[in-house]
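Dumped input-v6.tsv below, it's TSV, C-alpha atoms:
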chain	number	residue	atom	x	y	z
A	1	MET	CA	-13.32	3.55	-27.66
A	2	LYS	CA	-10.80	0.81	-26.94
A	3	LYS	CA	-9.20	2.87	-24.18
A	4	PHE	CA	-12.62	3.62	-22.72
A	5	LEU	CA	-13.57	-0.07	-22.64
A	6	ASP	CA	-10.21	-0.95	-21.15
A	7	THR	CA	-10.69	1.62	-18.40
A	8	CYS	CA	-14.19	0.25	-17.69
A	9	ARG	CA	-12.73	-3.25	-17.42
A	10	ARG	CA	-10.13	-2.10	-14.93
A	11	LEU	CA	-12.68	-0.17	-12.87
A	12	LEU	CA	-14.90	-3.25	-12.65
A	13	SER	CA	-11.88	-5.28	-11.61
A	14	ILE	CA	-11.06	-2.72	-8.93
A	15	ALA	CA	-14.65	-2.77	-7.67
A	16	LEU	CA	-14.82	-6.56	-7.36
A	17	ASN	CA	-11.41	-6.79	-5.69
A	18	LEU	CA	-12.29	-4.02	-3.26
A	19	PHE	CA	-15.53	-5.85	-2.47
A	20	VAL	CA	-13.47	-8.80	-1.19
A	21	LEU	CA	-11.34	-6.41	0.86
A	22	CYS	CA	-14.30	-4.47	2.29
A	23	ALA	CA	-16.24	-7.63	3.11
A	24	GLU	CA	-13.56	-8.83	5.51
A	25	PRO	CA	-14.10	-6.16	8.23
A	26	ILE	CA	-17.78	-7.14	8.12
A	27	ALA	CA	-17.41	-10.91	8.02
A	28	LEU	CA	-14.47	-11.41	10.38
A	29	PRO	CA	-16.19	-9.93	13.49
A	30	LEU	CA	-19.24	-12.11	12.76
A	31	SER	CA	-16.99	-15.17	12.65
A	32	TRP	CA	-15.19	-14.03	15.79
A	33	GLU	CA	-18.49	-13.90	17.71
A	34	MET	CA	-19.03	-17.58	16.95
A	35	GLY	CA	-15.56	-18.97	17.61
A	36	GLN	CA	-13.10	-16.31	18.82
A	37	ALA	CA	-9.49	-17.23	18.04
A	38	GLN	CA	-10.50	-20.73	16.94
A	39	ILE	CA	-11.78	-19.25	13.66
A	40	PHE	CA	-8.20	-19.04	12.42
A	41	THR	CA	-8.01	-22.83	12.34
A	42	TYR	CA	-10.60	-22.79	9.52
A	43	TYR	CA	-9.48	-22.89	5.90
A	44	THR	CA	-12.37	-20.57	5.11
A	45	GLU	CA	-11.10	-17.77	7.33
A	46	ASP	CA	-7.47	-18.14	6.32
A	47	SER	CA	-8.22	-18.29	2.60
A	48	ASN	CA	-10.46	-15.21	2.77
A	49	ILE	CA	-7.84	-13.20	4.66
A	50	PHE	CA	-5.25	-14.25	2.08
A	51	ALA	CA	-7.63	-13.34	-0.75
A	52	ALA	CA	-8.39	-9.94	0.79
A	53	ALA	CA	-4.67	-9.11	0.90
A	54	VAL	CA	-4.14	-10.24	-2.71
A	55	CYS	CA	-7.25	-8.43	-3.97
A	56	THR	CA	-6.00	-5.23	-2.35
A	57	LEU	CA	-2.77	-5.49	-4.35
A	58	VAL	CA	-4.68	-6.22	-7.54
A	59	ALA	CA	-7.00	-3.24	-7.06
A	60	LEU	CA	-4.08	-0.89	-6.45
A	61	TRP	CA	-2.19	-2.22	-9.46
A	62	GLN	CA	-5.24	-1.92	-11.71
A	63	LEU	CA	-5.61	1.70	-10.60
A	64	ARG	CA	-1.99	2.28	-11.55
A	65	CYS	CA	-2.56	0.63	-14.93
A	66	ILE	CA	-5.41	3.02	-15.75
A	67	PHE	CA	-2.83	5.78	-15.91
A	68	THR	CA	0.22	3.87	-17.12
A	69	GLY	CA	-1.22	1.10	-19.30
A	70	GLY	CA	0.06	-2.45	-19.17
A	71	GLU	CA	-1.35	-5.41	-17.28
A	72	LEU	CA	-0.83	-7.14	-13.96
A	73	PRO	CA	2.71	-8.45	-13.43
A	74	VAL	CA	3.11	-12.22	-13.59
A	75	TRP	CA	3.82	-12.56	-9.87
A	76	LEU	CA	0.58	-10.76	-8.98
A	77	LYS	CA	-1.44	-12.75	-11.50
A	78	LYS	CA	-0.08	-15.93	-9.87
A	79	LEU	CA	-1.12	-14.68	-6.44
A	80	LYS	CA	-4.61	-13.86	-7.70
A	81	PHE	CA	-4.79	-17.30	-9.30
A	82	MET	CA	-3.81	-18.92	-5.99
A	83	ALA	CA	-6.25	-16.83	-3.96
A	84	THR	CA	-9.12	-17.45	-6.37
A	85	SER	CA	-8.36	-21.18	-6.33
A	86	CYS	CA	-8.54	-21.15	-2.53
A	87	LEU	CA	-11.91	-19.42	-2.52
A	88	LEU	CA	-13.21	-21.71	-5.24
A	89	LEU	CA	-12.15	-24.72	-3.16
A	90	THR	CA	-13.94	-23.21	-0.16
A	91	PHE	CA	-17.16	-22.64	-2.11
A	92	LEU	CA	-17.25	-26.05	-3.77
A	93	THR	CA	-16.30	-27.91	-0.58
A	94	VAL	CA	-19.22	-26.23	1.16
A	95	VAL	CA	-21.65	-27.03	-1.65
A	96	LEU	CA	-20.51	-30.58	-2.40
A	97	VAL	CA	-19.28	-31.86	0.98
A	98	LEU	CA	-20.18	-29.81	4.06
A	99	ALA	CA	-23.75	-28.77	3.18
A	100	PRO	CA	-24.80	-32.37	2.43
A	101	MET	CA	-23.27	-33.40	5.78
A	102	VAL	CA	-25.45	-30.80	7.54
A	103	GLY	CA	-28.57	-32.09	5.80
A	104	GLU	CA	-31.77	-30.15	5.17
A	105	GLY	CA	-31.13	-26.42	5.15
A	106	GLY	CA	-27.39	-26.95	4.90
A	107	LEU	CA	-26.94	-24.81	1.79
A	108	TYR	CA	-28.81	-21.88	3.31
A	109	LEU	CA	-26.96	-22.21	6.62
A	110	LEU	CA	-23.51	-22.39	5.04
A	111	LEU	CA	-24.03	-19.93	2.18
A	112	TRP	CA	-26.26	-17.20	3.54
A	113	THR	CA	-26.08	-16.84	7.32
A	114	SER	CA	-23.74	-14.60	9.29
A	115	SER	CA	-20.22	-14.44	7.82
A	116	THR	CA	-20.84	-17.38	5.48
A	117	ARG	CA	-22.60	-15.22	2.90
A	118	TYR	CA	-19.31	-13.38	2.39
A	119	HIS	CA	-16.72	-16.09	3.06
A	120	HIS	CA	-18.51	-18.98	1.37
A	121	LEU	CA	-20.43	-17.25	-1.42
A	122	LEU	CA	-19.97	-13.57	-2.27
A	123	ASN	CA	-16.20	-13.34	-1.93
A	124	PRO	CA	-15.57	-16.48	-4.02
A	125	LEU	CA	-17.95	-15.19	-6.71
A	126	ALA	CA	-16.34	-11.73	-6.76
A	127	ALA	CA	-12.84	-13.18	-7.01
A	128	LEU	CA	-13.89	-15.70	-9.66
A	129	LEU	CA	-15.68	-13.18	-11.89
A	130	SER	CA	-12.85	-10.66	-11.72
A	131	TYR	CA	-10.22	-13.30	-12.47
A	132	LEU	CA	-12.07	-14.96	-15.35
A	133	LEU	CA	-13.52	-11.89	-17.07
A	134	LEU	CA	-11.42	-8.88	-16.16
A	135	GLU	CA	-7.87	-10.05	-15.42
A	136	ARG	CA	-7.02	-12.44	-18.24
A	137	GLU	CA	-3.58	-10.97	-18.90
A	138	PRO	CA	-0.88	-12.08	-18.55
A	139	HIS	CA	-1.56	-15.71	-19.46
A	140	LEU	CA	-0.09	-18.27	-17.09
A	141	PRO	CA	1.53	-21.54	-18.26
A	142	ARG	CA	0.00	-24.83	-17.19
A	143	SER	CA	2.94	-25.50	-14.90
A	144	ASP	CA	1.63	-22.71	-12.66
A	145	VAL	CA	-1.44	-24.79	-11.76
A	146	ARG	CA	0.64	-26.47	-9.07
A	147	TRP	CA	1.01	-23.12	-7.29
A	148	ALA	CA	-2.68	-23.32	-6.40
A	149	LEU	CA	-1.95	-26.29	-4.13
A	150	LEU	CA	0.57	-24.44	-1.96
A	151	PRO	CA	-1.92	-22.65	0.35
A	152	THR	CA	-3.86	-25.88	0.89
A	153	LEU	CA	-0.67	-27.83	1.62
A	154	ALA	CA	0.53	-25.12	4.00
A	155	TYR	CA	-2.81	-25.15	5.83
A	156	ALA	CA	-2.80	-28.96	6.12
A	157	ALA	CA	0.83	-28.92	7.29
A	158	VAL	CA	-0.29	-26.89	10.31
A	159	ILE	CA	-3.75	-28.28	11.10
A	160	LEU	CA	-3.05	-31.99	10.64
A	161	PRO	CA	-0.16	-32.15	13.17
A	162	LEU	CA	-2.29	-30.19	15.65
A	163	ASN	CA	-4.95	-32.89	15.33
A	164	ILE	CA	-2.40	-35.69	15.62
A	165	LEU	CA	-0.99	-34.07	18.78
A	166	ARG	CA	-4.57	-33.61	20.11
A	167	VAL	CA	-4.10	-29.85	20.42
A	168	ILE	CA	-7.32	-29.31	18.44
A	169	VAL	CA	-10.06	-31.48	16.98
A	170	GLY	CA	-11.07	-30.72	13.42
A	171	PRO	CA	-12.17	-28.11	12.58
A	172	TYR	CA	-13.42	-30.20	9.62
A	173	PRO	CA	-14.56	-33.83	9.93
A	174	PHE	CA	-11.82	-35.05	7.59
A	175	PHE	CA	-9.13	-33.80	10.01
A	176	GLU	CA	-10.49	-35.79	12.95
A	177	VAL	CA	-7.81	-38.47	12.70
A	178	TYR	CA	-8.76	-40.19	15.95
A	179	HIS	CA	-12.42	-40.50	14.98
A	180	GLN	CA	-11.83	-42.43	11.77
A	181	PRO	CA	-9.50	-45.16	10.39
A	182	VAL	CA	-6.13	-44.07	9.05
A	183	TYR	CA	-7.03	-45.08	5.51
A	184	VAL	CA	-10.04	-42.75	5.61
A	185	SER	CA	-7.81	-39.81	6.54
A	186	VAL	CA	-5.44	-40.76	3.71
A	187	LEU	CA	-8.32	-40.98	1.23
A	188	TRP	CA	-9.60	-37.58	2.33
A	189	ALA	CA	-6.14	-36.02	1.92
A	190	VAL	CA	-5.57	-37.51	-1.54
A	191	GLY	CA	-9.12	-36.72	-2.63
A	192	LEU	CA	-9.08	-33.09	-1.51
A	193	LEU	CA	-5.70	-32.39	-3.06
A	194	GLY	CA	-6.79	-34.07	-6.28
A	195	VAL	CA	-9.99	-32.07	-6.38
A	196	ASN	CA	-8.05	-28.91	-5.54
A	197	TYR	CA	-5.80	-29.54	-8.53
A	198	LEU	CA	-8.81	-30.21	-10.78
A	199	TYR	CA	-10.52	-26.97	-9.70
A	200	ALA	CA	-7.28	-25.07	-10.22
A	201	TRP	CA	-6.79	-26.57	-13.67
A	202	LEU	CA	-10.31	-25.61	-14.70
A	203	LEU	CA	-9.76	-22.11	-13.36
A	204	TRP	CA	-6.48	-21.86	-15.26
A	205	ARG	CA	-8.10	-23.10	-18.47
A	206	LEU	CA	-11.18	-20.89	-18.27
A	207	GLY	CA	-9.03	-17.92	-17.29
A	208	GLY	CA	-7.08	-17.98	-20.54
A	209	GLY	CA	-4.25	-20.22	-19.43
A	210	ARG	CA	-1.49	-20.63	-21.98
A	211	PRO	CA	-1.17	-24.18	-23.41
A	212	ARG	CA	2.25	-25.78	-23.09
A	213	SER	CA	2.86	-25.50	-26.83
A	214	ALA	CA	2.17	-21.74	-26.90
A	215	ARG	CA	5.05	-19.29	-27.06

Show me the file's structure as structure tokens.
Amino acid sequence: MKKFLDTCRRLLSIALNLFVLCAEPIALPLSWEMGQAQIFTYYTEDSNIFAAAVCTLVALWQLRCIFTGGELPVWLKKLKFMATSCLLLTFLTVVLVLAPMVGEGGLYLLLWTSSTRYHHLLNPLAALLSYLLLEREPHLPRSDVRWALLPTLAYAAVILPLNILRVIVGPYPFFEVYHQPVYVSVLWAVGLLGVNYLYAWLLWRLGGGRPRSAR
């Protein structure tokens, strides 16, 4: 019975990870229709492409584990943690920041129209459920929470200079450095990174993260 339940867990993990992968060929063309190459300046697009690649690796490894036993290797669990953190940041930024900026109908527009239903809602939920419920091993130490900030820092390291050099504007209001005082940009940067760390810490904790004192 234990082996049967373990196999069911892995199959569900595979299904949810493959959902993220299979959603991308549907969502990406929809995004492309709206913005062409500019879509790759969006954190949403970049984080979902990253997540699709990681979820593919997880699905393949889980398939391997059905026959060989064992769990995900630490390096792959870290990648899934990072990818899930990115998608969680995308979802919560939409719900708590961008949708209120849009106003009435913002949640529907940004969570259930065109590619947003996949990139803003379904993919984050699939990644989150698989990570929290089906991929709890191996446990990661708290020090690994900082890894979740790397994709966001890498994204900002590219997009912010492009805004400063006036190559692009945005694509999010908090990157529009010439449309707001410097201190506002600084507050946005500190706030988003702080919130990113908080989300990542909660994800680590709920996902069975190993306390510092554990051996």

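Remark: for Leu202 of chain A, the closest of the candidate residues A:Leu125, A:Leu89, A:Val102, A:Val186 is A:Leu89 (distances computed over only C-alpha atoms).
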
Segment 41-83 of chain A residues near segment 152-160 of chain A within 9 Å, closest pair each, using all atoms listed in the file, as a Markdown table:
| residue | atom | partner | partner_atom | distance |
| --- | --- | --- | --- | --- |
| A:Thr41 | CA | A:Ile159 | CA | 7.0 |
| A:Tyr42 | CA | A:Ile159 | CA | 8.9 |
| A:Tyr43 | CA | A:Tyr155 | CA | 7.0 |
| A:Asp46 | CA | A:Tyr155 | CA | 8.4 |
| A:Ser47 | CA | A:Thr152 | CA | 8.9 |

Given the selection you just returned, output its residues as a file containing C-alpha atoms, formatted as a tab-separated table (two decimals), in the coordinates of the input.
chain	number	residue	atom	x	y	z
A	41	THR	CA	-8.01	-22.83	12.34
A	42	TYR	CA	-10.60	-22.79	9.52
A	43	TYR	CA	-9.48	-22.89	5.90
A	46	ASP	CA	-7.47	-18.14	6.32
A	47	SER	CA	-8.22	-18.29	2.60

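Remark: for Ile14 of chain A, the closest of the candidate residues A:Ser143, A:Thr84, A:Ser130, A:Gln36 is A:Ser130 (distances computed over all atoms listed in the file).
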
> Residues at most 12 Å from Trp32 of chain A, counting all atoms listed in the file, excluding those fewer than 6 positions away in the same chain, as number ranges by chain?
Replying inline: A: 24-26, 38-42, 45, 114-115

Could you give me, as a PDB file with C-alpha atoms, in the frame of the given file, the residues that have an atom at most 12 Å away from the point (-3.8, -31.5, -11.8) in the coordinates of the file, using all atoms listed in the file?
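File point35.pdb, as written:
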ATOM      1  CA  ARG A 142       0.000 -24.830 -17.190  1.00  0.00           C
ATOM      2  CA  SER A 143       2.940 -25.500 -14.900  1.00  0.00           C
ATOM      3  CA  ASP A 144       1.630 -22.710 -12.660  1.00  0.00           C
ATOM      4  CA  VAL A 145      -1.440 -24.790 -11.760  1.00  0.00           C
ATOM      5  CA  ARG A 146       0.640 -26.470  -9.070  1.00  0.00           C
ATOM      6  CA  TRP A 147       1.010 -23.120  -7.290  1.00  0.00           C
ATOM      7  CA  ALA A 148      -2.680 -23.320  -6.400  1.00  0.00           C
ATOM      8  CA  LEU A 149      -1.950 -26.290  -4.130  1.00  0.00           C
ATOM      9  CA  GLY A 191      -9.120 -36.720  -2.630  1.00  0.00           C
ATOM     10  CA  LEU A 192      -9.080 -33.090  -1.510  1.00  0.00           C
ATOM     11  CA  LEU A 193      -5.700 -32.390  -3.060  1.00  0.00           C
ATOM     12  CA  GLY A 194      -6.790 -34.070  -6.280  1.00  0.00           C
ATOM     13  CA  VAL A 195      -9.990 -32.070  -6.380  1.00  0.00           C
ATOM     14  CA  ASN A 196      -8.050 -28.910  -5.540  1.00  0.00           C
ATOM     15  CA  TYR A 197      -5.800 -29.540  -8.530  1.00  0.00           C
ATOM     16  CA  LEU A 198      -8.810 -30.210 -10.780  1.00  0.00           C
ATOM     17  CA  TYR A 199     -10.520 -26.970  -9.700  1.00  0.00           C
ATOM     18  CA  ALA A 200      -7.280 -25.070 -10.220  1.00  0.00           C
ATOM     19  CA  TRP A 201      -6.790 -26.570 -13.670  1.00  0.00           C
ATOM     20  CA  LEU A 202     -10.310 -25.610 -14.700  1.00  0.00           C
ATOM     21  CA  LEU A 203      -9.760 -22.110 -13.360  1.00  0.00           C
ATOM     22  CA  TRP A 204      -6.480 -21.860 -15.260  1.00  0.00           C
ATOM     23  CA  ARG A 205      -8.100 -23.100 -18.470  1.00  0.00           C
TER      24      ARG A 205
END

> Between A:Tyr178, A:Trp61, A:Phe91, A:Tyr108, which is the closest to Pro73 of chain A once you count all atoms listed in the file?
Replying inline: A:Trp61

> When you draw a straight line from atom CA of Leu28 of chain A to atom CA of Ala53 of chain A, how long is it in Å?
Replying inline: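 So the answer is 13.8 Å.
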
>> Counting all atoms listed in the file, which residue out of A:Cys86, A:Val177, A:Val74, A:Leu30 sits closest to Tyr118 of chain A?
In response: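 Of A:Cys86, A:Val177, A:Val74, A:Leu30, the one nearest Tyr118 of chain A is A:Leu30, counting all atoms listed in the file.
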
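Of the residues under consideration (A:Leu21, A:Ala37, A:Leu96, A:Val167), A:Leu21 shows the shortest atom-to-atom contact distance to Ala126 of chain A when counting all atoms listed in the file.
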
> What is the distance between atom CA of Leu76 of chain A and atom CA of Val94 of chain A, in Å to one decimal?
Replying inline: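 The value is 27.1 Å.
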
Please provide the set of residues having any atom within 8 Å of segment 57-59 of chain A, restricted to all atoms listed in the file, with same-chain residues fewer than 5 positions apart removed, written as a PDB file with C-alpha atoms, in the coordinates of the input.
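around_37.pdb, freshly written:
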ATOM      1  CA  SER A  13     -11.880  -5.280 -11.610  1.00  0.00           C
ATOM      2  CA  ILE A  14     -11.060  -2.720  -8.930  1.00  0.00           C
ATOM      3  CA  ALA A  15     -14.650  -2.770  -7.670  1.00  0.00           C
ATOM      4  CA  ASN A  17     -11.410  -6.790  -5.690  1.00  0.00           C
ATOM      5  CA  LEU A  18     -12.290  -4.020  -3.260  1.00  0.00           C
ATOM      6  CA  LEU A  72      -0.830  -7.140 -13.960  1.00  0.00           C
ATOM      7  CA  LEU A  76       0.580 -10.760  -8.980  1.00  0.00           C
ATOM      8  CA  LYS A  80      -4.610 -13.860  -7.700  1.00  0.00           C
TER       9      LYS A  80
END

>> Given all atoms listed in the file as the basis, pick out the residue of A:Pro151, A:Gly35, A:Pro171, A:Gly208 nearest to His139 of chain A.
In response: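 With all atoms listed in the file as the atom set, the closest residue is A:Gly208.
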